[in-house]
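Shown below: start_18.cif, with mmCIF, C-alpha atoms.
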data_data
#
loop_
_atom_site.label_atom_id
_atom_site.label_comp_id
_atom_site.auth_asym_id
_atom_site.auth_seq_id
_atom_site.Cartn_x
_atom_site.Cartn_y
_atom_site.Cartn_z
CA MET A 12 18.84 -45.88 13.98
CA PRO A 13 15.04 -46.43 14.03
CA SER A 14 15.39 -49.39 16.43
CA ASN A 15 16.70 -47.01 19.09
CA TYR A 16 14.40 -44.12 18.26
CA PRO A 17 14.73 -41.81 21.32
CA GLY A 18 11.04 -41.83 22.20
CA PHE A 19 10.63 -45.57 21.91
CA GLU A 20 11.24 -47.47 25.16
CA HIS A 21 11.14 -51.24 25.28
CA SER A 22 12.28 -54.12 27.42
CA PRO A 23 15.70 -55.59 26.51
CA ASP A 24 14.13 -59.06 26.41
CA ARG A 25 11.35 -57.89 24.09
CA GLU A 26 12.24 -60.33 21.31
CA ALA A 27 12.31 -63.36 23.63
CA LEU A 28 8.96 -62.44 25.18
CA SER A 29 7.35 -61.87 21.80
CA ALA A 30 8.72 -65.16 20.47
CA ALA A 31 7.32 -67.02 23.47
CA LYS A 32 3.87 -65.50 22.99
CA VAL A 33 3.90 -66.31 19.28
CA LYS A 34 4.98 -69.89 19.94
CA ALA A 35 2.21 -70.38 22.51
CA LEU A 36 -0.43 -68.95 20.16
CA GLU A 37 0.87 -70.99 17.23
CA SER A 38 0.75 -74.19 19.30
CA LEU A 39 -2.83 -73.48 20.36
CA LEU A 40 -3.98 -72.80 16.78
CA ILE A 41 -2.29 -75.99 15.56
CA GLU A 42 -3.89 -78.00 18.38
CA LYS A 43 -7.34 -76.70 17.40
CA GLY A 44 -6.70 -77.50 13.74
CA ILE A 45 -6.97 -73.87 12.59
CA ILE A 46 -3.48 -73.86 11.04
CA THR A 47 -0.79 -76.44 10.30
CA SER A 48 2.81 -76.47 11.49
CA ASN A 49 3.89 -75.01 8.13
CA THR A 50 1.42 -72.13 7.97
CA VAL A 51 3.41 -69.54 9.91
CA ASP A 52 6.69 -70.42 8.18
CA THR A 53 4.99 -70.12 4.80
CA ILE A 54 3.59 -66.67 5.62
CA LEU A 55 6.89 -65.42 7.03
CA GLY A 56 8.76 -66.76 4.03
CA HIS A 57 6.33 -64.96 1.72
CA PHE A 58 7.02 -61.59 3.35
CA GLU A 59 10.76 -62.24 3.53
CA THR A 60 11.24 -63.21 -0.12
CA LYS A 61 8.28 -61.87 -2.15
CA MET A 62 6.73 -58.90 -0.33
CA GLY A 63 9.01 -56.31 1.21
CA PRO A 64 11.03 -53.10 0.85
CA PHE A 65 12.92 -54.50 -2.15
CA ASN A 66 9.66 -54.03 -4.12
CA GLY A 67 9.28 -50.43 -3.02
CA ALA A 68 12.94 -49.81 -3.88
CA LYS A 69 12.42 -51.11 -7.42
CA LEU A 70 9.36 -48.90 -7.88
CA VAL A 71 11.20 -45.79 -6.66
CA ALA A 72 14.26 -46.50 -8.80
CA ARG A 73 12.07 -46.95 -11.87
CA ALA A 74 10.29 -43.68 -11.09
CA TRP A 75 13.64 -41.89 -10.79
CA VAL A 76 14.74 -42.96 -14.29
CA ASP A 77 11.36 -42.95 -16.06
CA PRO A 78 9.27 -39.76 -15.65
CA ALA A 79 6.26 -41.30 -17.38
CA PHE A 80 6.31 -44.25 -14.99
CA LYS A 81 6.58 -41.85 -12.05
CA GLU A 82 3.40 -40.13 -13.17
CA ARG A 83 1.61 -43.47 -13.33
CA LEU A 84 2.99 -44.51 -9.94
CA LEU A 85 1.76 -41.33 -8.28
CA ALA A 86 -1.62 -41.59 -10.01
CA ASP A 87 -2.23 -45.28 -9.23
CA CYS A 88 0.38 -47.19 -7.24
CA ASN A 89 -1.40 -50.53 -7.51
CA ALA A 90 -1.69 -50.26 -11.28
CA ALA A 91 1.98 -49.31 -11.57
CA CYS A 92 2.90 -52.43 -9.57
CA GLN A 93 1.27 -54.53 -12.29
CA GLU A 94 3.77 -53.15 -14.80
CA MET A 95 6.66 -54.62 -12.81
CA ASP A 96 7.87 -58.19 -12.59
CA PHE A 97 6.42 -58.67 -9.13
CA PRO A 98 4.81 -61.78 -7.63
CA ASP A 99 1.05 -62.08 -7.44
CA GLY A 100 -0.55 -60.46 -4.43
CA MET A 101 0.92 -56.96 -4.55
CA SER A 102 -2.61 -55.62 -4.23
CA GLY A 103 -3.62 -58.29 -1.74
CA ALA A 104 -3.33 -58.37 2.04
CA GLU A 105 -2.02 -55.08 3.49
CA GLY A 106 -1.71 -53.54 0.03
CA GLU A 107 -5.22 -53.34 -1.36
CA HIS A 108 -5.12 -49.56 -1.87
CA MET A 109 -1.62 -48.09 -1.84
CA ARG A 110 -0.87 -44.40 -2.44
CA ILE A 111 2.49 -42.67 -2.64
CA ALA A 112 3.45 -39.10 -1.70
CA GLU A 113 6.37 -37.48 -3.52
CA ASN A 114 9.09 -35.61 -1.67
CA THR A 115 10.31 -32.41 -3.33
CA PRO A 116 12.70 -29.62 -2.33
CA GLU A 117 9.64 -27.77 -0.98
CA VAL A 118 7.70 -30.64 0.65
CA HIS A 119 8.78 -33.55 2.85
CA ASN A 120 6.27 -36.34 3.50
CA VAL A 121 6.05 -38.70 6.48
CA ILE A 122 3.69 -41.62 7.04
CA VAL A 123 2.15 -42.69 10.32
CA CYS A 124 -0.79 -44.81 11.44
CA THR A 125 -2.43 -42.84 14.23
CA LEU A 126 -4.81 -45.68 15.16
CA CYS A 127 -2.63 -48.79 15.11
CA SER A 128 0.05 -49.96 12.67
CA CYS A 129 -1.40 -49.95 9.15
CA TYR A 130 1.48 -50.21 6.71
CA PRO A 131 2.03 -51.12 3.01
CA TRP A 132 3.57 -54.55 3.54
CA PRO A 133 3.99 -55.41 -0.20
CA THR A 134 6.27 -52.40 -0.80
CA LEU A 135 7.84 -51.73 2.63
CA GLY A 136 7.74 -55.09 4.39
CA LEU A 137 6.72 -55.57 8.02
CA PRO A 138 6.39 -52.39 10.13
CA PRO A 139 9.17 -51.77 12.67
CA TYR A 140 8.39 -51.85 16.39
CA TRP A 141 8.69 -48.09 16.85
CA PHE A 142 6.16 -47.41 14.06
CA LYS A 143 3.53 -49.09 16.26
CA ASP A 144 4.59 -47.30 19.43
CA PRO A 145 2.01 -44.76 20.76
CA THR A 146 4.79 -42.28 21.55
CA PHE A 147 5.94 -42.09 17.94
CA ARG A 148 2.39 -42.01 16.59
CA ALA A 149 1.46 -39.09 18.83
CA ARG A 150 4.65 -37.06 18.58
CA VAL A 151 5.18 -37.23 14.83
CA THR A 152 1.77 -35.65 14.23
CA ARG A 153 2.29 -33.00 16.91
CA GLU A 154 5.95 -32.08 16.42
CA PRO A 155 7.13 -33.69 13.17
CA ARG A 156 10.15 -31.46 12.64
CA LYS A 157 11.56 -32.33 16.06
CA VAL A 158 10.92 -36.06 15.60
CA LEU A 159 12.58 -36.01 12.18
CA SER A 160 15.56 -34.25 13.73
CA GLU A 161 15.84 -37.09 16.25
CA PHE A 162 15.99 -39.49 13.33
CA GLY A 163 18.78 -37.42 11.80
CA VAL A 164 16.68 -35.61 9.20
CA GLU A 165 17.34 -31.87 9.41
CA LEU A 166 15.01 -29.80 7.23
CA ASP A 167 15.11 -26.12 6.51
CA ASN A 168 12.23 -24.18 8.02
CA SER A 169 11.09 -23.34 4.50
CA VAL A 170 10.33 -27.02 3.81
CA GLU A 171 6.72 -27.98 4.45
CA ILE A 172 6.19 -31.25 6.31
CA ARG A 173 3.09 -33.23 5.41
CA ILE A 174 1.90 -36.12 7.55
CA TRP A 175 -0.07 -38.89 5.86
CA ASP A 176 -2.26 -41.10 8.05
CA THR A 177 -1.94 -44.56 6.56
CA SER A 178 -4.96 -46.72 7.34
CA ALA A 179 -6.83 -49.89 6.46
CA GLN A 180 -8.44 -47.95 3.60
CA ILE A 181 -5.29 -46.35 2.13
CA ARG A 182 -1.72 -47.52 2.73
CA TRP A 183 0.54 -44.53 2.20
CA TRP A 184 4.27 -44.54 1.53
CA VAL A 185 6.82 -42.02 0.28
CA LEU A 186 8.68 -41.43 -2.99
CA PRO A 187 12.00 -39.96 -1.77
CA MET A 188 14.01 -37.42 -3.74
CA ARG A 189 16.77 -38.83 -5.89
CA PRO A 190 20.11 -37.84 -4.34
CA ALA A 191 22.60 -35.72 -6.24
CA GLY A 192 25.54 -37.45 -7.89
CA THR A 193 23.60 -40.50 -9.06
CA ASP A 194 23.17 -39.62 -12.74
CA ASP A 195 25.51 -42.41 -13.86
CA MET A 196 23.95 -45.10 -11.65
CA SER A 197 21.85 -47.88 -13.13
CA GLU A 198 18.29 -48.56 -12.05
CA ALA A 199 19.46 -51.60 -10.06
CA GLU A 200 22.18 -49.55 -8.36
CA LEU A 201 19.66 -46.86 -7.47
CA ALA A 202 17.36 -49.46 -5.91
CA GLU A 203 20.21 -50.51 -3.61
CA LEU A 204 20.22 -47.00 -2.11
CA LEU A 205 16.64 -47.22 -0.87
CA THR A 206 15.71 -48.09 2.72
CA PRO A 207 12.29 -48.64 4.29
CA GLU A 208 12.94 -45.58 6.47
CA ALA A 209 13.47 -43.37 3.41
CA MET A 210 10.20 -44.64 1.96
CA MET A 211 8.48 -43.85 5.28
CA GLY A 212 9.85 -40.32 5.31
CA VAL A 213 11.97 -40.62 8.47
CA ALA A 214 15.24 -40.78 6.52
CA THR A 215 16.74 -39.41 3.34
CA VAL A 216 18.53 -41.38 0.64
CA LYS A 217 22.30 -41.47 1.03
CA VAL A 218 24.88 -42.27 -1.65
#

When written as structure tokens, how does the structure in this file appear?
Amino acid sequence: MPSNYPGFEHSPDREALSAAKVKALESLLIEKGIITSNTVDTILGHFETKMGPFNGAKLVARAWVDPAFKERLLADCNAACQEMDFPDGMSGAEGEHMRIAENTPEVHNVIVCTLCSCYPWPTLGLPPYWFKDPTFRARVTREPRKVLSEFGVELDNSVEIRIWDTSAQIRWWVLPMRPAGTDDMSEAELAELLTPEAMMGVATVKV
């Protein structure tokens, strides 16, 4: 759904054009001796296997089953990460200062970077294209209820929507509400329910 977000227009050959630009830049950096041929693959592999939304999902699932951990997560996300069996670097690049906003029946939180595309890579992975699009960044701050509706999130008018501007100083993400009917699910099973979109606030968790 987010890839075809209604306000996000892009060329159908976007991926091919981006790949060509990346390849040209990579070749130039290798030629100048700034990086090696393995550098890019190593970085991509790191964010595919060690840093990504699977970490955020584990944190949320733990918070759902352990109220004390949830308190610690909301108070200091980076410190809570150290309690988990995560790889080194959770508080490194793109995750130096992470904060998490909790969804409740009364409040729904959404993250956006109004300046560029700041995003908590260690817990949510790489930001999607539409998150960086100026149309989304402008509209979600101006008319969040309508934008959420376009994503399929229908909220009662009584629910307050809070927008969190994630930045280079603070990388915000969302603690979604635990869905009903999951009392008998294990922590690992709960983690499987989580999506990056739910932890961005543009989706809810489905069973």

>> Evaluated on this file, the PyMOL selection byres ((chain A and resi 131-134) around 6) picks out some residues - which ones are they, written as number ranges by chain?
In response: A: 62-64, 66-67, 101, 105-106, 130, 135-137, 182

>> Around (7.8, -46.4, -12.3), as given in the file, which residues come within 12 Å? Count all atoms listed in the file and list them as a ChimeraX atom specification.
In response: /A:66-96,111,186,198,202

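Residue nearest Arg173 (chain A) within the list A:Arg153, A:His119, A:Lys143, A:His108: A:His119 [criterion: smallest interatomic distance, only C-alpha atoms].
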
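The interatomic distance for the pair CA of Leu166 (chain A) and CA of Ser128 (chain A) works out to 25.7 Å.
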
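Nearest residue to Val185 (chain A) among A:Asn114, A:Arg148, A:Ala199, A:Glu161 is A:Asn114, counting all atoms listed in the file.
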
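Separating CA of Thr215 (chain A) from CA of Glu171 (chain A) is a distance of 15.2 Å.
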
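Distances here use only C-alpha atoms; by that measure, the residue among A:Leu36, A:Cys124, A:Val164, A:Ile41 closest to Trp184 (chain A) is A:Cys124.
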
>> Please expand the PyMOL selection byres ((chain A and resi 127) around 12) into the concrete residues it hits in this file, giving the result as a list in words.
In response: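 The output of the PyMOL selection byres ((chain A and resi 127) around 12) on this file is Val123, Cys124, Thr125, Leu126, Ser128, Cys129, Tyr130, Pro138, Tyr140, Trp141, Phe142, Lys143, Asp144, Pro145, Thr146, Phe147, Arg148, Ala149, Asp176, Thr177, Ser178 and Ala179 of chain A.
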
Selection export as a PDB file, in the coordinates of the input, atoms kept: C-alpha atoms:
ATOM      1  CA  VAL A 123       2.150 -42.690  10.320  1.00  0.00           C
ATOM      2  CA  CYS A 124      -0.790 -44.810  11.440  1.00  0.00           C
ATOM      3  CA  THR A 125      -2.430 -42.840  14.230  1.00  0.00           C
ATOM      4  CA  LEU A 126      -4.810 -45.680  15.160  1.00  0.00           C
ATOM      5  CA  SER A 128       0.050 -49.960  12.670  1.00  0.00           C
ATOM      6  CA  CYS A 129      -1.400 -49.950   9.150  1.00  0.00           C
ATOM      7  CA  TYR A 130       1.480 -50.210   6.710  1.00  0.00           C
ATOM      8  CA  PRO A 138       6.390 -52.390  10.130  1.00  0.00           C
ATOM      9  CA  TYR A 140       8.390 -51.850  16.390  1.00  0.00           C
ATOM     10  CA  TRP A 141       8.690 -48.090  16.850  1.00  0.00           C
ATOM     11  CA  PHE A 142       6.160 -47.410  14.060  1.00  0.00           C
ATOM     12  CA  LYS A 143       3.530 -49.090  16.260  1.00  0.00           C
ATOM     13  CA  ASP A 144       4.590 -47.300  19.430  1.00  0.00           C
ATOM     14  CA  PRO A 145       2.010 -44.760  20.760  1.00  0.00           C
ATOM     15  CA  THR A 146       4.790 -42.280  21.550  1.00  0.00           C
ATOM     16  CA  PHE A 147       5.940 -42.090  17.940  1.00  0.00           C
ATOM     17  CA  ARG A 148       2.390 -42.010  16.590  1.00  0.00           C
ATOM     18  CA  ALA A 149       1.460 -39.090  18.830  1.00  0.00           C
ATOM     19  CA  ASP A 176      -2.260 -41.100   8.050  1.00  0.00           C
ATOM     20  CA  THR A 177      -1.940 -44.560   6.560  1.00  0.00           C
ATOM     21  CA  SER A 178      -4.960 -46.720   7.340  1.00  0.00           C
ATOM     22  CA  ALA A 179      -6.830 -49.890   6.460  1.00  0.00           C
TER      23      ALA A 179
END

>> Suppose a student applies the PyMOL selection byres ((chain A and resi 157) around 12) to this structure; what residues should they get, written as a list of chain:residue names?
In response: A:Pro17, A:Gly18, A:Phe147, A:Arg150, A:Val151, A:Thr152, A:Arg153, A:Glu154, A:Pro155, A:Arg156, A:Val158, A:Leu159, A:Ser160, A:Glu161, A:Phe162, A:Gly163, A:Val164, A:Glu165, A:Leu166, A:Asp167, A:Asn168, A:Ile172, A:Val213

Produce a file of the selected residues containing C-alpha atoms, as a PDB file, in the frame of the given file.
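Listed below is the output, part-v3.pdb:
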ATOM      1  CA  PRO A  17      14.730 -41.810  21.320  1.00  0.00           C
ATOM      2  CA  GLY A  18      11.040 -41.830  22.200  1.00  0.00           C
ATOM      3  CA  PHE A 147       5.940 -42.090  17.940  1.00  0.00           C
ATOM      4  CA  ARG A 150       4.650 -37.060  18.580  1.00  0.00           C
ATOM      5  CA  VAL A 151       5.180 -37.230  14.830  1.00  0.00           C
ATOM      6  CA  THR A 152       1.770 -35.650  14.230  1.00  0.00           C
ATOM      7  CA  ARG A 153       2.290 -33.000  16.910  1.00  0.00           C
ATOM      8  CA  GLU A 154       5.950 -32.080  16.420  1.00  0.00           C
ATOM      9  CA  PRO A 155       7.130 -33.690  13.170  1.00  0.00           C
ATOM     10  CA  ARG A 156      10.150 -31.460  12.640  1.00  0.00           C
ATOM     11  CA  VAL A 158      10.920 -36.060  15.600  1.00  0.00           C
ATOM     12  CA  LEU A 159      12.580 -36.010  12.180  1.00  0.00           C
ATOM     13  CA  SER A 160      15.560 -34.250  13.730  1.00  0.00           C
ATOM     14  CA  GLU A 161      15.840 -37.090  16.250  1.00  0.00           C
ATOM     15  CA  PHE A 162      15.990 -39.490  13.330  1.00  0.00           C
ATOM     16  CA  GLY A 163      18.780 -37.420  11.800  1.00  0.00           C
ATOM     17  CA  VAL A 164      16.680 -35.610   9.200  1.00  0.00           C
ATOM     18  CA  GLU A 165      17.340 -31.870   9.410  1.00  0.00           C
ATOM     19  CA  LEU A 166      15.010 -29.800   7.230  1.00  0.00           C
ATOM     20  CA  ASP A 167      15.110 -26.120   6.510  1.00  0.00           C
ATOM     21  CA  ASN A 168      12.230 -24.180   8.020  1.00  0.00           C
ATOM     22  CA  ILE A 172       6.190 -31.250   6.310  1.00  0.00           C
ATOM     23  CA  VAL A 213      11.970 -40.620   8.470  1.00  0.00           C
TER      24      VAL A 213
END

> How far is it from CA of Ile122 (chain A) to CA of Thr206 (chain A), in Å with one decimal?
Replying inline: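 CA of Thr206 (chain A) lies at a distance of 14.3 Å from CA of Ile122 (chain A).
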
Some atoms are missing, so please complete region 159-187 of chain A with N, CA and C atoms and return it as a compact mmCIF listing (two decimals), in the coordinates of the input.
# COMPACT_ATOMS: atom_id res chain seq x y z
N LEU A 159 11.69 -35.75 13.31
CA LEU A 159 12.58 -36.01 12.18
C LEU A 159 14.03 -35.68 12.54
N SER A 160 14.22 -34.61 13.29
CA SER A 160 15.56 -34.25 13.73
C SER A 160 16.16 -35.35 14.58
N GLU A 161 15.36 -35.99 15.42
CA GLU A 161 15.84 -37.09 16.25
C GLU A 161 16.23 -38.30 15.42
N PHE A 162 15.64 -38.42 14.25
CA PHE A 162 15.99 -39.49 13.33
C PHE A 162 17.19 -39.11 12.46
N GLY A 163 17.64 -37.87 12.59
CA GLY A 163 18.78 -37.42 11.80
C GLY A 163 18.42 -36.69 10.53
N VAL A 164 17.14 -36.34 10.38
CA VAL A 164 16.68 -35.61 9.20
C VAL A 164 16.50 -34.15 9.58
N GLU A 165 17.40 -33.30 9.12
CA GLU A 165 17.34 -31.87 9.41
C GLU A 165 16.79 -31.15 8.19
N LEU A 166 15.65 -30.50 8.34
CA LEU A 166 15.01 -29.80 7.23
C LEU A 166 15.01 -28.31 7.48
N ASP A 167 15.20 -27.57 6.41
CA ASP A 167 15.11 -26.12 6.51
C ASP A 167 13.69 -25.73 6.88
N ASN A 168 13.56 -24.63 7.60
CA ASN A 168 12.23 -24.18 8.02
C ASN A 168 11.31 -23.87 6.85
N SER A 169 11.90 -23.64 5.68
CA SER A 169 11.09 -23.34 4.50
C SER A 169 10.42 -24.59 3.92
N VAL A 170 10.89 -25.77 4.32
CA VAL A 170 10.33 -27.02 3.81
C VAL A 170 9.06 -27.38 4.57
N GLU A 171 7.99 -27.58 3.84
CA GLU A 171 6.72 -27.98 4.45
C GLU A 171 6.74 -29.47 4.76
N ILE A 172 6.28 -29.84 5.94
CA ILE A 172 6.19 -31.25 6.31
C ILE A 172 4.73 -31.68 6.26
N ARG A 173 4.45 -32.71 5.50
CA ARG A 173 3.09 -33.23 5.41
C ARG A 173 3.05 -34.63 6.01
N ILE A 174 2.08 -34.84 6.88
CA ILE A 174 1.90 -36.12 7.55
C ILE A 174 0.72 -36.86 6.90
N TRP A 175 0.97 -38.09 6.50
CA TRP A 175 -0.07 -38.89 5.86
C TRP A 175 -0.46 -40.03 6.79
N ASP A 176 -1.74 -40.09 7.13
CA ASP A 176 -2.26 -41.10 8.05
C ASP A 176 -2.61 -42.35 7.26
N THR A 177 -1.69 -43.31 7.27
CA THR A 177 -1.94 -44.56 6.56
C THR A 177 -2.95 -45.38 7.36
N SER A 178 -3.85 -46.05 6.67
CA SER A 178 -4.96 -46.72 7.34
C SER A 178 -5.32 -48.01 6.62
N ALA A 179 -6.36 -48.67 7.11
CA ALA A 179 -6.83 -49.89 6.46
C ALA A 179 -7.42 -49.59 5.09
N GLN A 180 -7.84 -48.33 4.89
CA GLN A 180 -8.44 -47.95 3.60
C GLN A 180 -7.37 -47.55 2.59
N ILE A 181 -6.37 -46.80 3.02
CA ILE A 181 -5.29 -46.35 2.13
C ILE A 181 -3.95 -46.55 2.83
N ARG A 182 -3.07 -47.28 2.19
CA ARG A 182 -1.72 -47.52 2.73
C ARG A 182 -0.75 -46.56 2.03
N TRP A 183 -0.35 -45.53 2.76
CA TRP A 183 0.54 -44.53 2.20
C TRP A 183 2.00 -44.93 2.33
N TRP A 184 2.82 -44.49 1.39
CA TRP A 184 4.27 -44.54 1.53
C TRP A 184 4.86 -43.41 0.71
N VAL A 185 6.19 -43.24 0.78
CA VAL A 185 6.82 -42.02 0.28
C VAL A 185 7.75 -42.31 -0.90
N LEU A 186 7.71 -41.42 -1.89
CA LEU A 186 8.68 -41.43 -2.99
C LEU A 186 9.77 -40.42 -2.63
N PRO A 187 10.93 -40.88 -2.17
CA PRO A 187 12.00 -39.96 -1.77
C PRO A 187 12.59 -39.22 -2.97
